[in-house]
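Enquirer: First, the structure itself, so that you have it in front of you.
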Amino acid sequence: MIGGVAAGMSFAARARRLSEEVEITILERGSDISFANCGLPFHIGGEIKSRDVLAQHTPESFRNLFNLDVRTEHNAVQIDRKNKRVLVANRSSASQEWLSYDKLMLAPGARPTVPIIPGVHDPAVFTLRTLGDMDRIIAASGSGKRVIVVGGGYIGIELIEQLHKKGLEVTLVQLHTHLLPQFDSHVVLPLQAELDRHGIKAWYANYLTSIEREGDELHGHLSTGEVLTADFVIFSIGVRPESELARDAGLVLAHTGHVVVNEFMQTSDPDIYAAGDVVQTRKRHFGQPIAISLAGPASRQARVAADHIFLDHLARPYPGDIGTSIVRFFDMVAAVTGWTEGALIESRRSYETVTVHENHHSGFYPGAELLTLKLLWEPETGMILGAQVTGREGVDKRIDVLATAVIGKMTIDDLCHLELAYTPPFGIVRDVINIAGFAATSIRDGLVQVVYDVPEDPHTQFLDVRPRPLASKYPLEGAINIPLSSLRQNLDALDKNRSVTVVCQLGKTSYFAARVLTQNGFDAVSFAGGVRGFKGGAKGIVPRSAPIQESGKEFPGLLPDNL
């Protein structure tokens, strides 16, 4: 085995459980054989107090528990496929030896991507992959006060939160136009509002062109010309597979550099397996190539490889990935599973989508928090393709249900009748997942037509059906305000010869209003997601970056959820 951590150690443990006779040798070039990568940012910020809990196993504990030959500080230099052996360098003694194998497992993982720019090798420029990297960042954050985090993906935003909690002045530089490029842009707007709420400056659609040292300070030069000053810089802009060993051995690689494997995690050499961040697998359902850098898939892939070696015909193939993931950013949580709208557009697949909002538990029970759920499905079959959920509470529960629905090829009709646990502290009679199913089937059945942009056509009537106090306090430019409760009595205020786009706070009331109008002879559509779901930039809808006061509580970047 080459490499430890999630894929490597999962493979070793499963292999030993399946065979007491096999000789298992683990080559790890570092000093840590098994540690919780995902926990590194949280120890930097002090949420995880003890460093020791991150090292889930020491070489000695794994050796004793599973009877393994664990060799840390040993680097695999070359694979001789013809003679089935690996050249190994002992980093401590500088000696080398050949080790033979019957089966070889590759789990070298991936390394952080670092741009080739001047100043990137300064000792105050870091990446985060290992416990040693974590220790160096902790040391820098103890003496420094200002930090530039480059990259707004999962690790980047976790680092931003943790460093901010330590009292540092944090600046984000993000190549994309929004946080978390794994999500659709408008879904993560509430997380971007958290940056504003905590006074964190973000430079979107930007990147560093160089880093210059001046005394104890670093100056980061942005592509747009601005210069940022910091005590240290952390790059978190993605990872690249550690596939050089596989490439030099002549194994087939994808154009991304990932090792290509079959459904049993075999490489192009049937005696060499691979798993984890280094491999390319397939998406479930449609089979497109995908590379997932997550611990869960890595562990399951490794189990499949071990089963194929030791269980023969009982081994089950790896079914592929759907990319389920979740991240917390201050008080907000975002999760995704399956296809995003951006990925569907890129792949030119047909889809339908709807965005709905509902509390995570009953509104009359204290502490209810609003959830936003975006659902995507296949128009021809109704099969669920993907979903994204944001909110402060209950996001994890919903994304796990939806991930199960994607894997199970469930349909929007199935969501309508999912029987989910309900009692006021934990749920709601009609869960947000049920509501997404209701909304999706209404669209499919032609009961409502939804739009995602505010009308620019002057011939279209823009109808705001929010209650009068809310509409007066947060007016929408060009909108006619007729609350839903009085709509039937005021139909003559609208022109039946002109189309109507209806908007409300969350999207539900505008659907009700559109049904009323349609059945009274109007050409009416509902604005999806309501004001809360607005993508920004048109018709005077209140910008999400504007702090809003309601009942003495500040809601930066969001309209009040309880209205």
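By order in the structure tokens, chains are A, B, ...; within a chain, residues start at 1; ligands start at 1, following the order shown.
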Write out as a ChimeraX atom specification which residues come within 9 Å of Ala76 (chain A) when counting only C-alpha atoms, dropping same-chain ones fewer than 4 positions away.

Expert: /A:2,27-29,86-89,245

Enquirer: Please identify all polymer residues within 9 Å of region 510-522 of chain A, counting only C-alpha atoms, omitting same-chain residues fewer than 3 positions from it, and present them as a PDB file with N, CA and C atoms, in the first residue's frame.

Expert:
```pdb
ATOM      1  N   ALA A 439     -44.226  21.753  -5.085  1.00  0.00           N
ATOM      2  CA  ALA A 439     -43.957  22.835  -6.043  1.00  0.00           C
ATOM      3  C   ALA A 439     -43.518  22.276  -7.390  1.00  0.00           C
ATOM      4  N   LEU A 447     -49.791  23.795 -13.374  1.00  0.00           N
ATOM      5  CA  LEU A 447     -50.607  24.608 -12.477  1.00  0.00           C
ATOM      6  C   LEU A 447     -49.990  25.980 -12.244  1.00  0.00           C
ATOM      7  N   VAL A 448     -48.703  26.097 -12.486  1.00  0.00           N
ATOM      8  CA  VAL A 448     -48.036  27.390 -12.330  1.00  0.00           C
ATOM      9  C   VAL A 448     -46.834  27.432 -13.251  1.00  0.00           C
ATOM     10  N   GLN A 449     -46.570  28.615 -13.755  1.00  0.00           N
ATOM     11  CA  GLN A 449     -45.350  28.852 -14.513  1.00  0.00           C
ATOM     12  C   GLN A 449     -44.470  29.767 -13.687  1.00  0.00           C
ATOM     13  N   VAL A 450     -43.193  29.395 -13.522  1.00  0.00           N
ATOM     14  CA  VAL A 450     -42.294  30.199 -12.698  1.00  0.00           C
ATOM     15  C   VAL A 450     -41.244  30.858 -13.577  1.00  0.00           C
ATOM     16  N   LEU A 463     -46.481  42.439  -9.960  1.00  0.00           N
ATOM     17  CA  LEU A 463     -47.420  42.463  -8.837  1.00  0.00           C
ATOM     18  C   LEU A 463     -46.752  41.936  -7.575  1.00  0.00           C
ATOM     19  N   ASP A 464     -46.747  42.760  -6.529  1.00  0.00           N
ATOM     20  CA  ASP A 464     -46.207  42.407  -5.215  1.00  0.00           C
ATOM     21  C   ASP A 464     -47.378  42.060  -4.300  1.00  0.00           C
ATOM     22  N   VAL A 465     -47.460  40.792  -3.867  1.00  0.00           N
ATOM     23  CA  VAL A 465     -48.600  40.370  -3.044  1.00  0.00           C
ATOM     24  C   VAL A 465     -48.221  40.232  -1.565  1.00  0.00           C
ATOM     25  N   ARG A 466     -47.120  40.858  -1.160  1.00  0.00           N
ATOM     26  CA  ARG A 466     -46.749  40.848   0.256  1.00  0.00           C
ATOM     27  C   ARG A 466     -47.706  41.737   1.055  1.00  0.00           C
ATOM     28  N   LEU A 484     -52.229  39.433  -1.039  1.00  0.00           N
ATOM     29  CA  LEU A 484     -53.009  38.267  -1.452  1.00  0.00           C
ATOM     30  C   LEU A 484     -54.396  38.267  -0.823  1.00  0.00           C
ATOM     31  N   LEU A 487     -56.621  40.288  -2.981  1.00  0.00           N
ATOM     32  CA  LEU A 487     -56.429  40.219  -4.423  1.00  0.00           C
ATOM     33  C   LEU A 487     -57.743  39.992  -5.161  1.00  0.00           C
ATOM     34  N   ARG A 488     -58.576  39.075  -4.682  1.00  0.00           N
ATOM     35  CA  ARG A 488     -59.819  38.759  -5.382  1.00  0.00           C
ATOM     36  C   ARG A 488     -60.742  39.973  -5.469  1.00  0.00           C
ATOM     37  N   LEU A 491     -59.155  42.641  -8.465  1.00  0.00           N
ATOM     38  CA  LEU A 491     -58.719  42.168  -9.776  1.00  0.00           C
ATOM     39  C   LEU A 491     -58.842  43.229 -10.848  1.00  0.00           C
ATOM     40  N   LEU A 494     -55.896  45.362 -12.218  1.00  0.00           N
ATOM     41  CA  LEU A 494     -54.927  44.803 -13.153  1.00  0.00           C
ATOM     42  C   LEU A 494     -55.546  44.723 -14.538  1.00  0.00           C
ATOM     43  N   ASP A 495     -54.689  44.801 -15.544  1.00  0.00           N
ATOM     44  CA  ASP A 495     -55.118  44.771 -16.946  1.00  0.00           C
ATOM     45  C   ASP A 495     -55.017  43.331 -17.464  1.00  0.00           C
ATOM     46  N   LYS A 496     -56.155  42.750 -17.831  1.00  0.00           N
ATOM     47  CA  LYS A 496     -56.160  41.373 -18.318  1.00  0.00           C
ATOM     48  C   LYS A 496     -55.448  41.227 -19.665  1.00  0.00           C
ATOM     49  N   ASN A 497     -55.224  42.317 -20.357  1.00  0.00           N
ATOM     50  CA  ASN A 497     -54.558  42.249 -21.649  1.00  0.00           C
ATOM     51  C   ASN A 497     -53.038  42.277 -21.526  1.00  0.00           C
ATOM     52  N   ARG A 498     -52.554  42.403 -20.299  1.00  0.00           N
ATOM     53  CA  ARG A 498     -51.106  42.428 -20.064  1.00  0.00           C
ATOM     54  C   ARG A 498     -50.741  41.289 -19.117  1.00  0.00           C
ATOM     55  N   SER A 499     -49.593  40.656 -19.363  1.00  0.00           N
ATOM     56  CA  SER A 499     -49.143  39.561 -18.510  1.00  0.00           C
ATOM     57  C   SER A 499     -48.761  40.093 -17.123  1.00  0.00           C
ATOM     58  N   VAL A 500     -48.768  39.189 -16.145  1.00  0.00           N
ATOM     59  CA  VAL A 500     -48.490  39.562 -14.758  1.00  0.00           C
ATOM     60  C   VAL A 500     -47.388  38.656 -14.203  1.00  0.00           C
ATOM     61  N   THR A 501     -46.362  39.251 -13.623  1.00  0.00           N
ATOM     62  CA  THR A 501     -45.362  38.509 -12.850  1.00  0.00           C
ATOM     63  C   THR A 501     -45.604  38.813 -11.387  1.00  0.00           C
ATOM     64  N   VAL A 502     -45.839  37.747 -10.594  1.00  0.00           N
ATOM     65  CA  VAL A 502     -46.196  37.912  -9.194  1.00  0.00           C
ATOM     66  C   VAL A 502     -44.997  37.595  -8.308  1.00  0.00           C
ATOM     67  N   VAL A 503     -44.736  38.447  -7.333  1.00  0.00           N
ATOM     68  CA  VAL A 503     -43.640  38.227  -6.393  1.00  0.00           C
ATOM     69  C   VAL A 503     -44.154  38.354  -4.968  1.00  0.00           C
ATOM     70  N   CYS A 504     -43.549  37.591  -4.064  1.00  0.00           N
ATOM     71  CA  CYS A 504     -43.864  37.700  -2.638  1.00  0.00           C
ATOM     72  C   CYS A 504     -42.551  37.598  -1.871  1.00  0.00           C
ATOM     73  N   GLN A 505     -42.610  37.291  -0.582  1.00  0.00           N
ATOM     74  CA  GLN A 505     -41.392  37.221   0.207  1.00  0.00           C
ATOM     75  C   GLN A 505     -40.610  35.928  -0.044  1.00  0.00           C
ATOM     76  N   LEU A 506     -41.320  34.784  -0.088  1.00  0.00           N
ATOM     77  CA  LEU A 506     -40.641  33.493  -0.153  1.00  0.00           C
ATOM     78  C   LEU A 506     -41.022  32.645  -1.358  1.00  0.00           C
ATOM     79  N   GLY A 507     -41.984  33.046  -2.142  1.00  0.00           N
ATOM     80  CA  GLY A 507     -42.373  32.296  -3.322  1.00  0.00           C
ATOM     81  C   GLY A 507     -43.671  31.532  -3.199  1.00  0.00           C
ATOM     82  N   VAL A 525     -47.516  34.549 -14.020  1.00  0.00           N
ATOM     83  CA  VAL A 525     -46.417  33.662 -13.646  1.00  0.00           C
ATOM     84  C   VAL A 525     -45.939  34.054 -12.253  1.00  0.00           C
ATOM     85  N   SER A 526     -45.288  33.099 -11.569  1.00  0.00           N
ATOM     86  CA  SER A 526     -44.792  33.322 -10.210  1.00  0.00           C
ATOM     87  C   SER A 526     -43.278  33.485 -10.231  1.00  0.00           C
ATOM     88  N   PHE A 527     -42.795  34.480  -9.500  1.00  0.00           N
ATOM     89  CA  PHE A 527     -41.348  34.687  -9.384  1.00  0.00           C
ATOM     90  C   PHE A 527     -40.795  33.682  -8.376  1.00  0.00           C
ATOM     91  N   ALA A 528     -39.910  32.784  -8.852  1.00  0.00           N
ATOM     92  CA  ALA A 528     -39.424  31.672  -8.039  1.00  0.00           C
ATOM     93  C   ALA A 528     -38.614  32.161  -6.838  1.00  0.00           C
ATOM     94  N   GLY A 530     -39.283  34.022  -4.387  1.00  0.00           N
ATOM     95  CA  GLY A 530     -39.632  35.286  -3.761  1.00  0.00           C
ATOM     96  C   GLY A 530     -38.468  36.253  -3.667  1.00  0.00           C
TER      97      GLY A 530
END
```

Enquirer: Please report, as a PyMOL selection string, each residue of region 247-473 of chain A to which DSSP assigns alpha helix (DSSP H) when run on this structure's backbone.

Expert: chain A and resi 247-248+295-310+341-347+395-407+412-416+432-444+468-473

Enquirer: Store the residues picked out above, limited to C-alpha atoms, as a PDB file, in the first residue's frame.

Expert:
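Heads up, here's the output in selection_37.pdb:
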```
ATOM      1  CA  ARG A 247       2.104   8.150 -14.632  1.00  0.00           C
ATOM      2  CA  ASP A 248       5.751   7.049 -14.600  1.00  0.00           C
ATOM      3  CA  ALA A 295     -13.142  11.348   2.867  1.00  0.00           C
ATOM      4  CA  GLY A 296     -16.425   9.435   2.551  1.00  0.00           C
ATOM      5  CA  PRO A 297     -16.013   8.370  -1.081  1.00  0.00           C
ATOM      6  CA  ALA A 298     -12.309   7.600  -0.487  1.00  0.00           C
ATOM      7  CA  SER A 299     -13.137   5.210   2.353  1.00  0.00           C
ATOM      8  CA  ARG A 300     -15.865   3.429   0.402  1.00  0.00           C
ATOM      9  CA  GLN A 301     -13.703   3.116  -2.713  1.00  0.00           C
ATOM     10  CA  ALA A 302     -10.969   1.498  -0.636  1.00  0.00           C
ATOM     11  CA  ARG A 303     -13.437  -1.029   0.769  1.00  0.00           C
ATOM     12  CA  VAL A 304     -14.510  -1.990  -2.771  1.00  0.00           C
ATOM     13  CA  ALA A 305     -10.876  -2.567  -3.757  1.00  0.00           C
ATOM     14  CA  ALA A 306     -10.191  -4.794  -0.745  1.00  0.00           C
ATOM     15  CA  ASP A 307     -13.394  -6.756  -1.364  1.00  0.00           C
ATOM     16  CA  HIS A 308     -12.435  -7.338  -4.984  1.00  0.00           C
ATOM     17  CA  ILE A 309      -9.072  -8.767  -3.962  1.00  0.00           C
ATOM     18  CA  PHE A 310     -10.308 -11.022  -1.147  1.00  0.00           C
ATOM     19  CA  GLU A 341     -27.823  23.861 -12.286  1.00  0.00           C
ATOM     20  CA  GLY A 342     -24.462  25.069 -13.549  1.00  0.00           C
ATOM     21  CA  ALA A 343     -23.276  21.507 -14.174  1.00  0.00           C
ATOM     22  CA  LEU A 344     -26.502  20.593 -15.951  1.00  0.00           C
ATOM     23  CA  ILE A 345     -26.214  23.621 -18.230  1.00  0.00           C
ATOM     24  CA  GLU A 346     -22.601  22.748 -18.991  1.00  0.00           C
ATOM     25  CA  SER A 347     -23.514  19.148 -19.815  1.00  0.00           C
ATOM     26  CA  VAL A 395     -29.674  21.535   6.735  1.00  0.00           C
ATOM     27  CA  ASP A 396     -27.865  18.252   7.415  1.00  0.00           C
ATOM     28  CA  LYS A 397     -31.076  16.307   7.904  1.00  0.00           C
ATOM     29  CA  ARG A 398     -32.566  17.511   4.619  1.00  0.00           C
ATOM     30  CA  ILE A 399     -29.474  16.993   2.462  1.00  0.00           C
ATOM     31  CA  ASP A 400     -29.088  13.416   3.719  1.00  0.00           C
ATOM     32  CA  VAL A 401     -32.693  12.646   2.796  1.00  0.00           C
ATOM     33  CA  LEU A 402     -32.226  14.232  -0.626  1.00  0.00           C
ATOM     34  CA  ALA A 403     -28.937  12.388  -1.224  1.00  0.00           C
ATOM     35  CA  THR A 404     -30.778   9.148  -0.527  1.00  0.00           C
ATOM     36  CA  ALA A 405     -33.488  10.243  -2.960  1.00  0.00           C
ATOM     37  CA  VAL A 406     -30.908  10.953  -5.694  1.00  0.00           C
ATOM     38  CA  ILE A 407     -29.195   7.596  -5.177  1.00  0.00           C
ATOM     39  CA  ILE A 412     -40.684  14.545  -7.473  1.00  0.00           C
ATOM     40  CA  ASP A 413     -43.894  12.595  -6.830  1.00  0.00           C
ATOM     41  CA  ASP A 414     -42.030  10.474  -4.282  1.00  0.00           C
ATOM     42  CA  LEU A 415     -40.943  13.623  -2.436  1.00  0.00           C
ATOM     43  CA  CYS A 416     -44.560  14.698  -2.034  1.00  0.00           C
ATOM     44  CA  VAL A 432     -39.557  21.624   3.173  1.00  0.00           C
ATOM     45  CA  ILE A 433     -38.729  18.465   1.195  1.00  0.00           C
ATOM     46  CA  ASN A 434     -42.436  17.709   0.775  1.00  0.00           C
ATOM     47  CA  ILE A 435     -43.044  21.316  -0.229  1.00  0.00           C
ATOM     48  CA  ALA A 436     -40.308  21.081  -2.872  1.00  0.00           C
ATOM     49  CA  GLY A 437     -42.095  18.023  -4.245  1.00  0.00           C
ATOM     50  CA  PHE A 438     -45.448  19.844  -4.244  1.00  0.00           C
ATOM     51  CA  ALA A 439     -43.957  22.835  -6.043  1.00  0.00           C
ATOM     52  CA  ALA A 440     -42.171  20.664  -8.602  1.00  0.00           C
ATOM     53  CA  THR A 441     -45.295  18.658  -9.449  1.00  0.00           C
ATOM     54  CA  SER A 442     -47.307  21.880  -9.743  1.00  0.00           C
ATOM     55  CA  ILE A 443     -44.823  23.137 -12.316  1.00  0.00           C
ATOM     56  CA  ARG A 444     -44.847  19.820 -14.169  1.00  0.00           C
ATOM     57  CA  ARG A 468     -48.893  46.188   2.970  1.00  0.00           C
ATOM     58  CA  PRO A 469     -46.525  47.000   5.907  1.00  0.00           C
ATOM     59  CA  LEU A 470     -43.750  44.840   4.477  1.00  0.00           C
ATOM     60  CA  ALA A 471     -44.185  46.153   0.945  1.00  0.00           C
ATOM     61  CA  SER A 472     -44.149  49.739   2.215  1.00  0.00           C
ATOM     62  CA  LYS A 473     -41.033  49.225   4.304  1.00  0.00           C
TER      63      LYS A 473
END
```

Enquirer: What does the distance from CA of Met134 (chain A) to CA of Tyr207 (chain A) come to in Å, to one decimal?

Expert: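 The value is 23.4 Å.
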
Enquirer: Just to confirm, what's the straight-line distance from CA of Ala7 (chain A) to CA of Ile116 (chain A) in Å (one decimal)?

Expert: 29.3 Å

Enquirer: For the contact check between region 175-211 of chain A and region 384-393 of chain A, emit one row per residue of region 175-211 of chain A within 12 Å, containing the shortest atom pair and the distance in Å rounded to one decimal, counting only C-alpha atoms, chain then rising number order, as a tab-separated table.

Expert:
```
residue	atom	partner	partner_atom	distance
A:Leu180	CA	A:Gln388	CA	12.0
A:Gln182	CA	A:Gln388	CA	10.1
A:Phe183	CA	A:Gln388	CA	7.4
A:Asp184	CA	A:Gln388	CA	8.4
A:Ser185	CA	A:Gln388	CA	11.1
A:His186	CA	A:Gln388	CA	10.7
A:Val187	CA	A:Thr390	CA	7.2
A:Val188	CA	A:Thr390	CA	7.5
A:Leu189	CA	A:Thr390	CA	9.6
A:Pro190	CA	A:Thr390	CA	7.9
A:Leu191	CA	A:Thr390	CA	8.6
A:Gln192	CA	A:Thr390	CA	11.9
A:Glu194	CA	A:Arg392	CA	11.6
```

Enquirer: Store the residues picked out above, limited to N, CA and C atoms, as a CSV table (one decimal), in the first residue's frame.

Expert:
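So again.csv came out as:
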```
chain,number,residue,atom,x,y,z
A,180,LEU,N,-17.9,29.3,-2.7
A,180,LEU,CA,-18.3,27.9,-3.0
A,180,LEU,C,-18.7,27.6,-4.4
A,182,GLN,N,-18.8,25.1,-5.9
A,182,GLN,CA,-19.5,23.8,-6.0
A,182,GLN,C,-21.1,24.0,-6.0
A,183,PHE,N,-21.5,25.2,-5.6
A,183,PHE,CA,-22.9,25.5,-5.6
A,183,PHE,C,-23.3,26.5,-6.7
A,184,ASP,N,-24.6,26.6,-6.9
A,184,ASP,CA,-25.1,27.6,-7.8
A,184,ASP,C,-25.0,29.0,-7.1
A,185,SER,N,-24.7,30.0,-7.8
A,185,SER,CA,-24.4,31.3,-7.2
A,185,SER,C,-25.4,31.9,-6.3
A,186,HIS,N,-26.7,31.9,-6.7
A,186,HIS,CA,-27.7,32.5,-5.8
A,186,HIS,C,-28.0,31.7,-4.5
A,187,VAL,N,-27.6,30.4,-4.5
A,187,VAL,CA,-27.8,29.6,-3.3
A,187,VAL,C,-26.9,30.1,-2.2
A,188,VAL,N,-25.7,30.5,-2.5
A,188,VAL,CA,-24.8,30.9,-1.4
A,188,VAL,C,-24.8,32.4,-1.0
A,189,LEU,N,-25.7,33.1,-1.6
A,189,LEU,CA,-25.8,34.5,-1.2
A,189,LEU,C,-25.9,34.7,0.3
A,190,PRO,N,-26.7,33.9,1.1
A,190,PRO,CA,-26.7,34.1,2.5
A,190,PRO,C,-25.4,33.9,3.2
A,191,LEU,N,-24.5,33.0,2.6
A,191,LEU,CA,-23.2,32.8,3.2
A,191,LEU,C,-22.3,34.0,2.9
A,192,GLN,N,-22.5,34.6,1.7
A,192,GLN,CA,-21.7,35.8,1.4
A,192,GLN,C,-22.1,36.9,2.3
A,194,GLU,N,-22.7,36.6,5.3
A,194,GLU,CA,-22.0,36.4,6.6
A,194,GLU,C,-20.6,37.1,6.6
```

Enquirer: Give me, please, the distance in Å between CA of Thr381 (chain A) and CA of Phe286 (chain A), quoted to one decimal.

Expert: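 It comes out at 14.0 Å.
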
Enquirer: Would you kindly return, as a ChimeraX atom specification, each protein, DNA or RNA residue with an atom no farther than 10 Å from any atom of region 211-224 of chain A, considering only C-alpha atoms and excluding same-chain residues fewer than 3 positions away?

Expert: /A:117-122,124-125,144,146-148,173,175,203,205-208,227-233

Enquirer: Output N, CA and C atoms for every residue in the selection just made, as a tab-separated table (two decimals), in the first residue's frame.

Expert:
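New file result_20.tsv:
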```tsv
chain	number	residue	atom	x	y	z
A	117	ILE	N	3.64	32.07	-9.07
A	117	ILE	CA	3.72	33.53	-9.08
A	117	ILE	C	4.91	33.95	-8.22
A	118	PRO	N	5.47	35.12	-8.44
A	118	PRO	CA	6.58	35.60	-7.62
A	118	PRO	C	6.17	35.68	-6.15
A	119	GLY	N	7.03	35.23	-5.27
A	119	GLY	CA	6.82	35.35	-3.84
A	119	GLY	C	6.05	34.23	-3.20
A	120	VAL	N	5.62	33.24	-3.98
A	120	VAL	CA	4.77	32.20	-3.43
A	120	VAL	C	5.53	31.27	-2.48
A	121	HIS	N	6.86	31.28	-2.55
A	121	HIS	CA	7.66	30.41	-1.69
A	121	HIS	C	8.13	31.12	-0.42
A	122	ASP	N	7.61	32.30	-0.16
A	122	ASP	CA	7.93	32.98	1.09
A	122	ASP	C	7.53	32.10	2.27
A	124	ALA	N	6.10	32.73	4.89
A	124	ALA	CA	4.82	33.10	5.48
A	124	ALA	C	3.65	32.84	4.54
A	125	VAL	N	3.88	32.03	3.51
A	125	VAL	CA	2.82	31.60	2.60
A	125	VAL	C	2.57	30.11	2.84
A	144	GLY	N	0.84	36.89	14.02
A	144	GLY	CA	0.34	37.83	13.02
A	144	GLY	C	-1.07	38.31	13.33
A	146	ARG	N	-2.96	39.96	10.48
A	146	ARG	CA	-3.66	40.10	9.21
A	146	ARG	C	-3.32	38.91	8.31
A	147	VAL	N	-4.34	38.36	7.67
A	147	VAL	CA	-4.13	37.20	6.81
A	147	VAL	C	-4.97	37.33	5.56
A	148	ILE	N	-4.39	36.91	4.44
A	148	ILE	CA	-5.11	36.80	3.18
A	148	ILE	C	-5.39	35.32	2.94
A	173	VAL	N	-9.61	36.43	-1.14
A	173	VAL	CA	-9.43	36.64	-2.57
A	173	VAL	C	-9.99	35.42	-3.27
A	175	LEU	N	-11.24	33.67	-6.96
A	175	LEU	CA	-11.20	33.71	-8.42
A	175	LEU	C	-12.60	33.73	-9.01
A	203	TRP	N	-12.71	39.92	-2.18
A	203	TRP	CA	-12.39	40.37	-3.53
A	203	TRP	C	-12.76	39.24	-4.50
A	205	ALA	N	-13.88	37.50	-8.26
A	205	ALA	CA	-13.37	37.56	-9.63
A	205	ALA	C	-11.97	38.17	-9.65
A	206	ASN	N	-11.13	37.67	-8.76
A	206	ASN	CA	-9.81	38.25	-8.54
A	206	ASN	C	-8.82	37.16	-8.19
A	207	TYR	N	-7.55	37.47	-8.34
A	207	TYR	CA	-6.50	36.52	-7.95
A	207	TYR	C	-5.20	37.28	-7.69
A	208	LEU	N	-4.28	36.62	-6.98
A	208	LEU	CA	-2.99	37.24	-6.70
A	208	LEU	C	-2.05	37.03	-7.89
A	227	VAL	N	-3.53	46.39	-3.98
A	227	VAL	CA	-2.47	45.74	-3.21
A	227	VAL	C	-2.99	45.51	-1.79
A	228	LEU	N	-2.94	44.27	-1.33
A	228	LEU	CA	-3.38	43.91	0.02
A	228	LEU	C	-2.16	43.67	0.90
A	229	THR	N	-2.27	44.07	2.15
A	229	THR	CA	-1.17	43.91	3.11
A	229	THR	C	-1.56	42.89	4.16
A	230	ALA	N	-0.64	41.97	4.47
A	230	ALA	CA	-0.93	40.92	5.45
A	230	ALA	C	0.36	40.46	6.10
A	231	ASP	N	0.19	39.71	7.20
A	231	ASP	CA	1.34	39.10	7.87
A	231	ASP	C	1.62	37.71	7.31
A	232	PHE	N	0.58	37.04	6.80
A	232	PHE	CA	0.78	35.76	6.13
A	232	PHE	C	-0.37	35.50	5.17
A	233	VAL	N	-0.15	34.54	4.29
A	233	VAL	CA	-1.10	34.21	3.22
A	233	VAL	C	-1.33	32.70	3.25
```

Enquirer: Rank A:Asp196, A:Leu420, A:Gly529, A:Ile482 by their smallest atom-to-atom distance to Val454 (chain A), using only C-alpha atoms, and report the top residue only.

Expert: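 Looking at the shortest contact to Val454 (chain A), the residue is A:Gly529.
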
Enquirer: Do a neighbour search on Pro366 (chain A) at 9 Å with only C-alpha atoms, toss out local chain neighbours closer than 3 positions, and write the hits as a VMD selection string.

Expert: chain A and resid 362 to 363 425

Enquirer: Could those residues be written to a file, using N, CA and C atoms, as an mmCIF file, in the first residue's frame?

Expert:
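The resulting file, out11.cif, is shown below:
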```cif
data_model
loop_
_atom_site.group_PDB
_atom_site.id
_atom_site.type_symbol
_atom_site.label_atom_id
_atom_site.label_comp_id
_atom_site.auth_asym_id
_atom_site.auth_seq_id
_atom_site.Cartn_x
_atom_site.Cartn_y
_atom_site.Cartn_z
ATOM 1 N N SER A 362 -41.546 23.460 13.433
ATOM 2 C CA SER A 362 -42.787 24.228 13.469
ATOM 3 C C SER A 362 -42.548 25.667 13.906
ATOM 4 N N GLY A 363 -43.181 26.595 13.179
ATOM 5 C CA GLY A 363 -42.967 28.006 13.465
ATOM 6 C C GLY A 363 -43.451 28.439 14.827
ATOM 7 N N PRO A 425 -40.637 20.236 17.945
ATOM 8 C CA PRO A 425 -39.232 20.622 18.111
ATOM 9 C C PRO A 425 -38.313 20.135 16.994
#
```
